[in-house]
$ cat final-v9.cif   # mmCIF, C-alpha atoms and all ligand atoms
data_query
loop_
_atom_site.label_atom_id
_atom_site.label_comp_id
_atom_site.auth_asym_id
_atom_site.auth_seq_id
_atom_site.Cartn_x
_atom_site.Cartn_y
_atom_site.Cartn_z
CA MET E 1 0.00 0.00 0.00
CA SER E 2 1.45 3.34 -1.04
CA ASP E 3 0.60 5.20 2.12
CA ASP E 4 3.59 7.46 1.53
CA HIS E 5 1.56 9.33 -1.07
CA VAL E 6 -2.10 9.74 -0.37
CA TYR E 7 -3.14 9.98 -4.00
CA LEU E 8 -1.25 6.84 -5.04
CA THR E 9 -3.29 4.74 -2.63
CA LEU E 10 -6.36 5.59 -4.68
CA ALA E 11 -4.95 3.81 -7.70
CA GLU E 12 -4.67 0.55 -5.80
CA GLY E 13 -7.07 -2.15 -4.89
CA HIS E 14 -9.44 -1.81 -7.81
CA GLU E 15 -11.14 -4.94 -8.93
CA ASP E 16 -11.77 -3.58 -12.40
CA ASP E 17 -8.79 -1.81 -13.92
CA THR E 18 -10.76 -0.69 -16.95
CA ARG E 19 -12.43 2.02 -14.91
CA TRP E 20 -10.81 5.32 -15.70
CA ALA E 21 -12.24 7.17 -12.74
CA TYR E 22 -14.28 6.43 -9.70
CA GLY E 23 -18.01 6.55 -9.73
CA THR E 24 -18.40 5.02 -13.16
CA GLY E 25 -19.89 1.78 -11.92
CA PHE E 26 -23.23 2.98 -10.65
CA GLU E 27 -25.00 0.52 -8.44
CA ASP E 28 -27.96 0.41 -6.11
CA PRO E 29 -27.62 3.46 -3.83
CA LEU E 30 -29.59 1.61 -1.16
CA HIS E 31 -27.23 -1.38 -1.29
CA GLY E 32 -27.49 -3.30 1.95
CA VAL E 33 -30.30 -1.20 3.42
CA ASP E 34 -33.28 -3.09 4.86
CA THR E 35 -35.87 -2.78 2.10
CA THR E 36 -38.92 -4.03 4.01
CA VAL E 37 -41.90 -1.70 3.84
CA PRO E 38 -43.14 -1.45 7.44
CA GLU E 39 -46.56 -2.83 8.26
CA GLY E 40 -49.24 -0.17 8.16
CA VAL E 41 -47.44 1.85 5.46
CA ASP E 42 -49.41 2.20 2.21
CA ALA E 43 -46.79 0.88 -0.19
CA ALA E 44 -48.38 2.33 -3.33
CA GLY E 45 -48.70 5.72 -1.67
CA LEU E 46 -45.11 5.57 -0.49
CA ALA E 47 -43.91 4.71 -4.00
CA ALA E 48 -45.92 7.57 -5.51
CA GLU E 49 -44.53 10.05 -3.01
CA CYS E 50 -40.97 8.88 -3.64
CA VAL E 51 -41.38 9.13 -7.42
CA ALA E 52 -42.85 12.64 -7.22
CA LEU E 53 -40.05 13.89 -4.96
CA ALA E 54 -37.44 12.16 -7.09
CA ASP E 55 -38.90 13.70 -10.27
CA ASP E 56 -38.72 17.19 -8.72
CA ALA E 57 -35.07 16.56 -7.93
CA LEU E 58 -34.09 14.96 -11.24
CA VAL E 59 -35.75 17.61 -13.40
CA GLY E 60 -34.43 20.39 -11.15
CA ALA E 61 -30.91 18.95 -11.33
CA GLN E 62 -31.09 18.77 -15.11
CA ARG E 63 -31.98 22.48 -15.33
CA LEU E 64 -29.11 23.35 -12.98
CA ALA E 65 -26.70 21.22 -15.00
CA GLU E 66 -27.54 23.30 -18.08
CA TRP E 67 -25.54 26.12 -16.48
CA ILE E 68 -22.33 24.12 -16.68
CA THR E 69 -19.99 26.02 -19.04
CA ARG E 70 -22.55 28.87 -19.17
CA ALA E 71 -22.69 30.32 -15.65
CA PRO E 72 -21.59 33.93 -15.13
CA GLU E 73 -18.57 32.86 -13.05
CA LEU E 74 -16.72 29.59 -12.52
CA GLU E 75 -17.63 29.64 -8.82
CA GLU E 76 -21.32 29.79 -9.68
CA GLU E 77 -21.01 26.99 -12.19
CA VAL E 78 -19.40 24.82 -9.53
CA ALA E 79 -22.04 25.78 -6.98
CA LEU E 80 -24.97 25.05 -9.30
CA ALA E 81 -23.39 21.75 -10.34
CA ASN E 82 -22.92 20.74 -6.70
CA ILE E 83 -26.50 21.64 -5.83
CA GLY E 84 -27.66 19.60 -8.82
CA LEU E 85 -25.50 16.70 -7.67
CA ASP E 86 -27.12 16.74 -4.22
CA LEU E 87 -30.55 16.65 -5.86
CA LEU E 88 -29.47 13.85 -8.17
CA GLY E 89 -28.34 11.86 -5.16
CA GLN E 90 -31.69 12.39 -3.48
CA ALA E 91 -33.44 11.31 -6.69
CA ARG E 92 -31.40 8.10 -6.95
CA LEU E 93 -32.29 7.07 -3.40
CA LEU E 94 -35.97 7.95 -3.85
CA TYR E 95 -36.36 6.12 -7.19
CA THR E 96 -34.71 3.07 -5.73
CA ARG E 97 -37.04 3.21 -2.74
CA ALA E 98 -40.05 3.60 -5.08
CA GLY E 99 -39.09 0.48 -7.00
CA GLN E 100 -38.90 -1.49 -3.77
CA ALA E 101 -42.19 -0.12 -2.45
CA ASP E 102 -44.31 -0.55 -5.58
CA GLY E 103 -43.22 -4.16 -5.90
CA THR E 104 -41.92 -3.78 -9.46
CA GLY E 105 -38.29 -3.88 -8.39
CA ARG E 106 -37.53 -1.22 -10.99
CA ASP E 107 -34.16 0.45 -10.55
CA GLU E 108 -33.36 4.15 -10.66
CA ASP E 109 -32.58 4.06 -14.39
CA ALA E 110 -36.00 2.61 -15.22
CA TYR E 111 -37.65 5.64 -13.63
CA ALA E 112 -35.22 8.27 -14.88
CA TYR E 113 -34.67 7.09 -18.43
CA PHE E 114 -37.59 4.93 -19.48
CA ARG E 115 -40.69 6.93 -18.58
CA ASP E 116 -42.28 9.56 -20.82
CA ALA E 117 -43.22 13.11 -19.88
CA ALA E 118 -46.81 12.18 -19.00
CA ASP E 119 -45.49 9.69 -16.41
CA PHE E 120 -43.40 12.32 -14.63
CA ARG E 121 -44.89 13.82 -11.47
CA ASN E 122 -42.57 16.77 -10.86
CA VAL E 123 -44.09 20.17 -10.16
CA THR E 124 -44.06 22.25 -13.35
CA LEU E 125 -41.93 25.03 -11.82
CA ALA E 126 -38.99 22.60 -11.85
CA GLU E 127 -39.22 22.01 -15.61
CA LEU E 128 -39.35 25.62 -16.86
CA PRO E 129 -36.32 26.61 -18.95
CA GLY E 130 -33.49 28.22 -16.99
CA GLY E 131 -33.51 31.45 -18.95
CA ASP E 132 -32.09 34.29 -16.91
CA PHE E 133 -29.71 33.72 -14.00
CA ALA E 134 -32.14 35.79 -11.92
CA PHE E 135 -34.91 33.32 -12.70
CA THR E 136 -32.62 30.41 -11.81
CA VAL E 137 -31.86 31.76 -8.34
CA VAL E 138 -35.47 32.80 -7.63
CA ARG E 139 -36.73 29.37 -8.65
CA LEU E 140 -33.97 27.71 -6.63
CA LEU E 141 -34.96 29.78 -3.59
CA VAL E 142 -38.62 28.80 -3.86
CA LEU E 143 -38.07 25.13 -4.65
CA SER E 144 -35.37 24.72 -1.96
CA SER E 145 -37.52 26.43 0.65
CA TRP E 146 -40.54 24.32 -0.27
CA ARG E 147 -38.66 21.03 -0.43
CA LEU E 148 -36.80 21.80 2.80
CA ALA E 149 -40.02 22.52 4.71
CA HIS E 150 -41.60 19.33 3.36
CA PHE E 151 -38.51 17.20 4.13
CA ARG E 152 -38.48 18.51 7.70
CA GLY E 153 -41.95 17.02 8.06
CA LEU E 154 -40.93 13.76 6.40
CA VAL E 155 -38.23 12.95 8.95
CA ASP E 156 -41.06 11.45 11.07
CA HIS E 157 -42.42 9.38 8.16
CA PRO E 158 -43.22 5.77 9.19
CA ASP E 159 -41.05 4.49 6.33
CA PRO E 160 -37.52 4.60 7.76
CA VAL E 161 -35.87 4.87 4.33
CA LEU E 162 -37.89 7.90 3.23
CA ALA E 163 -37.40 9.43 6.69
CA ALA E 164 -33.62 8.94 6.45
CA VAL E 165 -33.44 10.36 2.91
CA ALA E 166 -35.39 13.40 4.12
CA ALA E 167 -33.19 13.89 7.18
CA LYS E 168 -30.03 13.93 5.09
CA GLY E 169 -31.62 15.92 2.27
CA ALA E 170 -32.83 18.64 4.63
CA LYS E 171 -29.24 19.46 5.61
CA GLU E 172 -28.31 19.84 1.95
CA LEU E 173 -31.39 21.89 1.08
CA ALA E 174 -30.61 24.41 3.79
CA TYR E 175 -27.35 25.13 1.94
CA HIS E 176 -29.16 25.39 -1.40
CA ARG E 177 -31.71 27.84 0.03
CA GLN E 178 -28.92 29.90 1.59
CA TYR E 179 -27.03 30.08 -1.71
CA ALA E 180 -30.13 31.10 -3.67
CA ALA E 181 -31.27 33.64 -1.08
CA GLN E 182 -27.91 35.40 -1.04
CA TRP E 183 -27.91 35.74 -4.82
CA CYS E 184 -31.50 37.03 -4.76
CA VAL E 185 -30.54 39.74 -2.28
CA ARG E 186 -27.36 40.62 -4.15
CA LEU E 187 -29.19 40.99 -7.46
CA GLY E 188 -32.34 42.58 -6.04
CA ASP E 189 -30.26 45.11 -4.12
CA GLY E 190 -27.79 45.53 -6.98
CA THR E 191 -28.00 47.61 -10.14
CA ASP E 192 -31.20 48.90 -11.76
CA GLU E 193 -30.83 46.18 -14.37
CA SER E 194 -30.36 43.33 -11.88
CA HIS E 195 -33.25 44.68 -9.78
CA ARG E 196 -35.49 44.78 -12.84
CA ARG E 197 -34.61 41.21 -13.77
CA MET E 198 -35.22 39.97 -10.24
CA ARG E 199 -38.69 41.56 -10.30
CA ALA E 200 -39.40 39.88 -13.60
CA ALA E 201 -38.21 36.53 -12.22
CA LEU E 202 -40.47 36.82 -9.17
CA GLU E 203 -43.43 37.58 -11.45
CA GLN E 204 -42.54 34.58 -13.59
CA VAL E 205 -42.39 32.21 -10.61
CA ALA E 206 -45.55 33.48 -8.87
CA PRO E 207 -48.16 31.58 -10.94
CA TYR E 208 -46.51 28.27 -10.02
CA LEU E 209 -46.59 28.72 -6.23
CA GLY E 210 -50.15 27.44 -5.85
CA GLU E 211 -49.22 24.12 -7.43
CA LEU E 212 -46.42 23.66 -4.90
CA HIS E 213 -48.74 24.05 -1.94
CA THR E 214 -51.38 21.78 -3.45
CA ALA E 215 -48.69 19.10 -3.52
CA HIS E 216 -47.28 19.79 -0.03
CA ASP E 217 -48.78 22.65 1.89
CA VAL E 218 -45.90 24.46 3.57
CA ARG E 219 -46.98 27.92 2.41
CA ASP E 220 -46.16 29.65 5.70
CA GLU E 221 -42.55 28.47 5.67
CA VAL E 222 -42.04 29.37 2.00
CA ALA E 223 -43.76 32.75 2.40
CA ALA E 224 -41.52 33.57 5.39
CA ASP E 225 -38.36 32.77 3.43
CA VAL E 226 -39.48 34.70 0.34
CA ARG E 227 -40.52 37.69 2.45
CA GLN E 228 -37.20 37.70 4.28
CA VAL E 229 -35.40 37.82 0.94
CA THR E 230 -37.63 40.41 -0.75
CA ASP E 231 -37.46 42.67 2.34
CA ALA E 232 -33.65 42.48 2.40
CA ALA E 233 -33.45 43.06 -1.36
CA GLY E 234 -35.99 45.87 -1.56
CA LEU E 235 -38.16 43.81 -3.89
CA PRO E 236 -41.96 43.62 -3.94
CA LEU E 237 -43.60 40.37 -2.97
CA PRO E 238 -44.72 38.49 -6.08
CA VAL E 239 -48.39 38.88 -6.94
CA TYR E 240 -50.26 35.62 -6.62
CA ARG E 241 -51.69 34.61 -10.01
CA PRO E 242 -52.46 30.89 -10.06
CA ARG E 243 -52.32 28.99 -13.33
CA PRO E 244 -54.19 25.77 -14.11
CA GLY E 245 -52.46 22.41 -14.44
CA SER E 246 -50.53 20.23 -12.05
CA GLY E 247 -47.31 18.34 -12.65
CA ARG E 248 -48.27 16.00 -9.81
CA ALA E 249 -51.22 14.93 -12.02
CA GLY E 250 -48.96 14.49 -15.05
CA GLU E 251 -50.06 17.78 -16.61
CA HIS E 252 -46.85 19.36 -17.81
CA THR E 253 -45.76 22.37 -19.79
CA GLU E 254 -44.35 21.97 -23.28
CA HIS E 255 -40.87 22.31 -21.75
CA LEU E 256 -40.63 18.91 -20.06
CA ALA E 257 -40.55 16.69 -23.15
CA PRO E 258 -37.49 18.36 -24.75
CA LEU E 259 -35.69 18.24 -21.38
CA LEU E 260 -36.36 14.51 -21.15
CA THR E 261 -35.28 13.94 -24.76
CA GLU E 262 -31.88 15.32 -23.90
CA LEU E 263 -31.70 13.57 -20.53
CA GLN E 264 -32.82 10.17 -21.82
CA GLY E 265 -31.33 10.11 -25.32
CA ILE E 266 -28.18 8.10 -24.67
CA ALA E 267 -29.81 5.63 -22.30
CA ARG E 268 -32.59 4.91 -24.79
CA ALA E 269 -30.24 4.62 -27.77
CA HIS E 270 -28.00 2.20 -25.85
CA PRO E 271 -30.27 0.51 -23.31
CA GLU E 272 -27.66 -2.07 -22.28
CA ALA E 273 -24.78 0.38 -21.95
CA THR E 274 -22.94 0.86 -18.67
CA TRP E 275 -20.63 3.75 -17.94
CA MET A 1 -19.95 -5.08 17.54
CA VAL A 2 -18.17 -8.39 17.18
CA THR A 3 -19.29 -11.92 17.63
CA ALA A 4 -18.17 -13.71 20.75
CA GLY A 5 -15.67 -16.55 20.79
CA PRO A 6 -12.67 -17.26 18.61
CA ALA A 7 -13.71 -14.82 15.87
CA LEU A 8 -12.98 -11.86 18.13
CA PRO A 9 -9.35 -11.06 17.31
CA ASP A 10 -10.10 -11.52 13.62
CA ALA A 11 -12.89 -8.97 13.77
CA HIS A 12 -10.49 -6.48 15.27
CA ARG A 13 -8.06 -7.14 12.46
CA ALA A 14 -10.80 -6.72 9.84
CA ARG A 15 -11.79 -3.44 11.42
CA ARG A 16 -8.21 -2.19 11.29
CA VAL A 17 -8.01 -3.05 7.57
CA ALA A 18 -11.27 -1.24 6.79
CA GLU A 19 -10.37 1.75 8.94
CA ARG A 20 -7.21 2.43 6.93
CA VAL A 21 -8.95 2.76 3.54
CA PRO A 22 -8.45 6.34 2.27
CA ASP A 23 -11.37 8.55 1.30
CA PRO A 24 -11.40 8.97 -2.51
CA GLU A 25 -12.02 12.70 -2.38
CA LEU A 26 -10.04 13.65 0.73
CA PRO A 27 -7.34 10.99 0.52
CA MET A 28 -5.40 12.41 3.47
CA LEU A 29 -8.28 11.03 5.56
CA THR A 30 -9.17 7.43 6.14
CA LEU A 31 -12.81 6.40 6.05
CA ALA A 32 -12.57 6.11 9.84
CA ASP A 33 -11.23 9.70 10.11
CA LEU A 34 -14.12 10.91 7.97
CA GLY A 35 -16.61 9.05 10.13
CA VAL A 36 -18.27 7.18 7.27
CA LEU A 37 -17.19 3.73 8.44
CA ARG A 38 -19.96 2.96 10.89
CA ASP A 39 -19.24 -0.60 11.85
CA VAL A 40 -17.24 -3.71 11.03
CA GLU A 41 -18.43 -7.04 12.31
CA THR A 42 -17.60 -10.65 11.62
CA ARG A 43 -20.36 -13.22 11.38
CA ALA A 44 -20.04 -16.77 12.67
CA ASP A 45 -19.51 -18.01 9.09
CA GLY A 46 -16.52 -15.68 8.73
CA THR A 47 -18.25 -13.06 6.58
CA VAL A 48 -16.97 -9.59 7.30
CA VAL A 49 -19.79 -6.99 7.22
CA ALA A 50 -18.64 -3.37 6.90
CA SER A 51 -21.23 -0.59 7.21
CA LEU A 52 -20.71 2.73 5.45
CA THR A 53 -22.78 5.91 5.53
CA PRO A 54 -22.75 8.54 2.76
CA THR A 55 -21.58 12.07 3.54
CA TYR A 56 -23.92 13.72 1.00
CA SER A 57 -26.88 12.15 -0.86
CA GLY A 58 -25.11 12.71 -4.16
CA CYS A 59 -21.61 11.80 -3.05
CA PRO A 60 -20.19 10.25 -6.23
CA ALA A 61 -17.48 8.49 -4.24
CA MET A 62 -19.84 6.19 -2.37
CA ALA A 63 -19.62 3.33 -4.88
CA GLU A 64 -15.86 3.74 -4.88
CA MET A 65 -15.68 3.58 -1.09
CA ARG A 66 -17.69 0.36 -1.11
CA ALA A 67 -15.43 -1.15 -3.78
CA ASP A 68 -12.27 -0.02 -1.97
CA VAL A 69 -13.29 -1.42 1.40
CA ALA A 70 -14.31 -4.74 -0.15
CA ALA A 71 -11.08 -4.97 -2.15
CA ARG A 72 -8.86 -4.17 0.84
CA LEU A 73 -10.63 -6.72 3.01
CA ARG A 74 -10.32 -9.40 0.32
CA ALA A 75 -6.66 -8.55 -0.14
CA ALA A 76 -6.25 -9.01 3.62
CA GLY A 77 -7.53 -12.56 3.29
CA TYR A 78 -11.25 -12.25 3.96
CA ALA A 79 -12.98 -14.29 1.28
CA ARG A 80 -16.52 -13.30 2.22
CA VAL A 81 -17.12 -9.57 2.46
CA GLU A 82 -20.40 -7.70 2.59
CA ILE A 83 -20.75 -3.91 2.46
CA ARG A 84 -23.91 -2.37 3.90
CA THR A 85 -25.19 1.18 3.49
CA VAL A 86 -26.46 2.86 6.64
CA LEU A 87 -28.63 5.97 6.23
CA ASP A 88 -29.72 6.53 9.80
CA PRO A 89 -28.56 8.49 11.68
CA PRO A 90 -27.34 10.73 8.83
CA TRP A 91 -23.66 11.64 8.69
CA THR A 92 -22.75 15.07 9.94
CA SER A 93 -19.37 16.79 9.83
CA ASP A 94 -19.20 16.25 13.61
CA TRP A 95 -18.35 12.63 12.78
CA ILE A 96 -14.93 13.70 11.47
CA THR A 97 -12.51 12.59 14.16
CA GLU A 98 -9.96 14.78 15.95
CA SER A 99 -7.17 13.08 14.03
CA GLY A 100 -9.11 13.69 10.81
CA ARG A 101 -9.39 17.38 11.61
CA ARG A 102 -5.67 17.58 12.31
CA LYS A 103 -4.84 15.88 9.00
CA LEU A 104 -7.12 18.25 7.07
CA ALA A 105 -5.40 21.27 8.59
CA GLU A 106 -1.97 19.78 7.85
CA HIS A 107 -3.00 19.52 4.21
CA GLY A 108 -4.16 23.13 4.02
CA ILE A 109 -7.87 22.39 4.35
CA ALA A 110 -9.73 24.13 7.16
CA PRO A 111 -11.68 21.60 9.25
CA PRO A 112 -15.38 22.19 9.94
CA GLY A 113 -16.75 23.91 13.01
CA ARG A 114 -19.52 22.38 15.05
CA ALA A 115 -22.44 21.19 12.94
CA PRO A 116 -25.75 23.01 13.46
CA ARG A 117 -28.28 21.31 15.74
CA GLY A 118 -31.91 21.38 14.74
CA PRO A 119 -33.44 23.25 11.80
CA VAL A 120 -30.98 25.57 10.06
CA PRO A 121 -32.44 29.09 9.76
CA LEU A 122 -32.11 31.27 6.68
CA VAL A 123 -29.60 33.96 7.63
CA LEU A 124 -28.96 36.82 5.22
CA SER A 125 -26.58 38.94 7.28
CA PRO A 126 -22.92 37.89 7.11
CA THR A 127 -22.79 36.57 10.67
CA ARG A 128 -20.70 33.52 9.84
CA PRO A 129 -17.57 33.62 12.01
CA ALA A 130 -14.36 33.83 10.04
CA VAL A 131 -12.65 30.50 9.43
CA PRO A 132 -9.01 30.66 10.53
CA CYS A 133 -6.52 30.25 7.69
CA PRO A 134 -5.04 26.72 7.83
CA ARG A 135 -1.70 28.06 6.59
CA CYS A 136 -0.99 31.13 8.72
CA GLY A 137 -3.75 31.00 11.34
CA SER A 138 -5.04 34.47 10.50
CA ARG A 139 -8.74 35.17 10.95
CA GLU A 140 -8.59 37.82 8.22
CA THR A 141 -10.34 35.44 5.83
CA GLU A 142 -13.40 35.54 3.59
CA GLU A 143 -15.58 33.12 1.72
CA THR A 144 -15.24 33.21 -2.07
CA SER A 145 -17.68 30.40 -2.82
CA ARG A 146 -20.01 28.32 -0.71
CA PHE A 147 -19.32 25.35 -2.99
CA ALA A 148 -15.88 24.17 -4.06
CA ALA A 149 -14.64 21.14 -6.00
CA THR A 150 -16.94 18.89 -4.00
CA SER A 151 -20.20 19.49 -2.15
CA CYS A 152 -18.53 19.04 1.23
CA LYS A 153 -16.12 21.95 0.79
CA ALA A 154 -16.34 25.74 0.44
CA LEU A 155 -13.69 28.02 -1.04
CA TRP A 156 -12.13 30.71 1.14
CA ARG A 157 -9.19 33.05 0.89
CA CYS A 158 -6.85 34.55 3.43
CA ARG A 159 -6.23 38.28 3.31
CA ALA A 160 -3.10 37.96 5.47
CA CYS A 161 -1.10 35.39 3.49
CA ARG A 162 -3.14 35.88 0.30
CA GLU A 163 -3.59 32.15 -0.23
CA PRO A 164 -6.90 30.55 -1.17
CA PHE A 165 -7.92 27.51 0.86
CA GLU A 166 -10.69 24.96 1.04
CA TYR A 167 -12.89 24.55 4.05
CA VAL A 168 -14.92 21.46 4.93
CA LYS A 169 -18.39 22.82 5.68
CA GLU A 170 -20.24 21.98 8.82
CA ILE A 171 -23.39 20.13 7.96
ZN ZN E 301 -3.27 32.75 5.70
#
$ encode --input "final-v9.cif" --output "structure tokens" --more "lines below"
Ligand SMILES: [Zn+2]
Amino acid sequence: MSDDHVYLTLAEGHEDDTRWAYGTGFEDPLHGVDTTVPEGVDAAGLAAECVALADDALVGAQRLAEWITRAPELEEEVALANIGLDLLGQARLLYTRAGQADGTGRDEDAYAYFRDAADFRNVTLAELPGGDFAFTVVRLLVLSSWRLAHFRGLVDHPDPVLAAVAAKGAKELAYHRQYAAQWCVRLGDGTDESHRRMRAALEQVAPYLGELHTAHDVRDEVAADVRQVTDAAGLPLPVYRPRPGSGRAGEHTEHLAPLLTELQGIARAHPEATW
Amino acid sequence: MVTAGPALPDAHRARRVAERVPDPELPMLTLADLGVLRDVETRADGTVVASLTPTYSGCPAMAEMRADVAARLRAAGYARVEIRTVLDPPWTSDWITESGRRKLAEHGIAPPGRAPRGPVPLVLSPTRPAVPCPRCGSRETEETSRFAATSCKALWRCRACREPFEYVKEI
């Protein structure tokens, strides 16, 4: 063992020398976890909840990943990629749990790559195109705040796997919310142009808030976070203008299908491929 | 936890092997330093069961850690190895050992402060206490990015010695 150089030790002990980097052999993220669904837990309901929360995370992560090579600064690209990676990790655990709970034994890839837009249950706010950086940080603020408040409730869920995923995810989401909130304040309290674009982003997000609280009603927590940010940034609170349609019911905007085409293309063209 | 009887010394040896496996992303730390190796036990049939917990949900190194621990145990002569994932209780940066914190600092990475207890509030004022520079010890430091090369680290810089440094976030 080459303990004299920490990085050399990493090159040792691999069972498969064809791997060029770590993390290429994806496997069950719940490997070795007790997969029993506890008595009294509605397994179909549990699976549906896990899929919906995983879809929010997967679609949200895909939109964040679109900033890679395009973010205003390298630091922001790295931050958005890391936030997306956290969400992707949450999605992998939740899809895997869904496949155990619904009795199909489907793995994470089956959910992520081999379902069509109408089968996705993510809230529509997550699927809207990234557009302006201001819109990205406003959406990230709202979705992080909403998911965080919901996860804090889920830590008492009777399913121990979902409860554990929520407990870990909540810690991560607090960092995501913090990141988004600080950018919202910086831009809202910045130049006339950045202020104008923040106002536009808040208006753009507002119609989608109702859908969030129909899915998981944590409106007080989200409203408190948004108000704290708009007060600090000198921004008006967004005007509430609900729109019809619900991603949780499979009713999506025209933006989800192209996102999935890009996300799923390679897996569908090479269904047996591993990487 | 170890089984009683003659397997006992062997379980200790298996634990020592697993404890020395380096973390793929912070290779100056062992998995024991990082606090992700939860348990190593030996079953009556000789199977070594090592339990790992992920640092972050999306930690891309988790599969690698599992493979590394299994490979090191097999290389040490354990034919039957099982790696379990433990999600509860979730890892926090408080699980990084004292020796782990010392090694981070020696490698120019600021170790985390105490992890927050209970729900983390949204705080917009810059109340975060300055992280001391791991190179010169100065507290004249500032955060340049909340996220660095990996989720578990932030990027800071020192105004005294002018060096950037990474900082393992408390979570
Ligand atoms: Zn310094």
$ residues_near_ligand --input "final-v9.cif" --ligand "ligand ZN 301 (chain E)" --cutoff "12 Å" --atoms "only C-alpha atoms and all ligand atoms" --output "VMD selection string"
chain A and resid 108 to 110 130 to 142 156 to 166
$ interface_residues --input "final-v9.cif" --of "chain A" --to "chain E" --cutoff "9 Å" --atoms "only C-alpha atoms" --output "PyMOL selection string"
chain A and resi 21-24+26-29+51+55-64+67-69+71-72+75+82-92+119-124+144-151+155+171
$ residues_around --input "final-v9.cif" --residues "Lys169 (chain A)" --least-positions-apart "3" --cutoff "8 Å" --atoms "all atoms listed in the file" --output "list in words"
Ser93, Pro111, Pro112, Gly113, Cys152, Lys153 and Ala154 of chain A
$ write_last_selection --input "final-v9.cif" --atoms "C-alpha atoms" --output "compact mmCIF listing (two decimals), keeping the file's coordinate frame"
# COMPACT_ATOMS: atom_id res chain seq x y z
CA SER A 93 -19.37 16.79 9.83
CA PRO A 111 -11.68 21.60 9.25
CA PRO A 112 -15.38 22.19 9.94
CA GLY A 113 -16.75 23.91 13.01
CA CYS A 152 -18.53 19.04 1.23
CA LYS A 153 -16.12 21.95 0.79
CA ALA A 154 -16.34 25.74 0.44
$ closest_residue --input "final-v9.cif" --among "A:Glu19, A:Trp95, A:Pro129, A:Ala76" --to "Leu31 (chain A)" --atoms "all atoms listed in the file"
A:Glu19
$ residues_around --input "final-v9.cif" --residues "region 37-40 of chain A" --least-positions-apart "6" --cutoff "8 Å" --atoms "all atoms listed in the file" --output "list in words"
Met1, Val2, Ala11, Ala14, Arg15, Ala18, Glu19, Leu31, Val48, Val49, Ala50, Ser51, Leu52, Thr53 and Val86 of chain A
$ write_last_selection --input "final-v9.cif" --atoms "C-alpha atoms" --output "PDB file, in the coordinates of the input"
ATOM      1  CA  MET A   1     -19.950  -5.080  17.540  1.00  0.00           C
ATOM      2  CA  VAL A   2     -18.170  -8.390  17.180  1.00  0.00           C
ATOM      3  CA  ALA A  11     -12.890  -8.970  13.770  1.00  0.00           C
ATOM      4  CA  ALA A  14     -10.800  -6.720   9.840  1.00  0.00           C
ATOM      5  CA  ARG A  15     -11.790  -3.440  11.420  1.00  0.00           C
ATOM      6  CA  ALA A  18     -11.270  -1.240   6.790  1.00  0.00           C
ATOM      7  CA  GLU A  19     -10.370   1.750   8.940  1.00  0.00           C
ATOM      8  CA  LEU A  31     -12.810   6.400   6.050  1.00  0.00           C
ATOM      9  CA  VAL A  48     -16.970  -9.590   7.300  1.00  0.00           C
ATOM     10  CA  VAL A  49     -19.790  -6.990   7.220  1.00  0.00           C
ATOM     11  CA  ALA A  50     -18.640  -3.370   6.900  1.00  0.00           C
ATOM     12  CA  SER A  51     -21.230  -0.590   7.210  1.00  0.00           C
ATOM     13  CA  LEU A  52     -20.710   2.730   5.450  1.00  0.00           C
ATOM     14  CA  THR A  53     -22.780   5.910   5.530  1.00  0.00           C
ATOM     15  CA  VAL A  86     -26.460   2.860   6.640  1.00  0.00           C
TER      16      VAL A  86
END
$ atom_distance --input "final-v9.cif" --atom1 "CA of Leu53 (chain E)" --atom2 "CA of Arg121 (chain E)"
8.1 Å
$ closest_residue --input "final-v9.cif" --among "E:Cys184, E:Ala43, E:Leu260, E:Ala110" --to "Val59 (chain E)" --atoms "all atoms listed in the file"
E:Leu260
$ residues_around --input "final-v9.cif" --residues "Arg63 (chain E)" --least-positions-apart "2" --cutoff "8 Å" --atoms "only C-alpha atoms" --output "short mmCIF file (atom, residue, chain, number, x, y, z; two decimals) with C-alpha atoms, in the frame of the given file"
data_model
loop_
_atom_site.label_atom_id
_atom_site.label_comp_id
_atom_site.auth_asym_id
_atom_site.auth_seq_id
_atom_site.Cartn_x
_atom_site.Cartn_y
_atom_site.Cartn_z
CA VAL E 59 -35.75 17.61 -13.40
CA GLY E 60 -34.43 20.39 -11.15
CA ALA E 61 -30.91 18.95 -11.33
CA ALA E 65 -26.70 21.22 -15.00
CA GLU E 66 -27.54 23.30 -18.08
CA TRP E 67 -25.54 26.12 -16.48
CA ALA E 126 -38.99 22.60 -11.85
CA GLU E 127 -39.22 22.01 -15.61
CA PRO E 129 -36.32 26.61 -18.95
CA GLY E 130 -33.49 28.22 -16.99
#
$ residues_around --input "final-v9.cif" --residues "region 245-254 of chain E" --least-positions-apart "2" --cutoff "8 Å" --atoms "all atoms listed in the file" --output "MDAnalysis selection string"
chainID E and resid 52 117:124 127:128 211 215 243 256:258
$ atom_distance --input "final-v9.cif" --atom1 "CA of Trp183 (chain E)" --atom2 "CA of Leu141 (chain E)"
9.3 Å
$ residues_near_point --input "final-v9.cif" --point "(-42.0, 2.8, -5.8)" --cutoff "7 Å" --atoms "only C-alpha atoms" --output "JSON, numbers by chain"
{"E": [44, 46, 47, 48, 50, 51, 95, 97, 98, 99, 100, 101, 102]}
$ atom_distance --input "final-v9.cif" --atom1 "CA of Thr30 (chain A)" --atom2 "CA of Asp10 (chain A)"
20.4 Å
$ closest_residue --input "final-v9.cif" --among "E:Ala201, E:Ala206, E:Val41, E:Ala112" --to "Asp56 (chain E)" --atoms "only C-alpha atoms"
E:Ala112
$ closest_residue --input "final-v9.cif" --among "A:His107, A:Arg80, A:Pro116, A:Leu73" --to "Ala44 (chain A)" --atoms "only C-alpha atoms"
A:Arg80
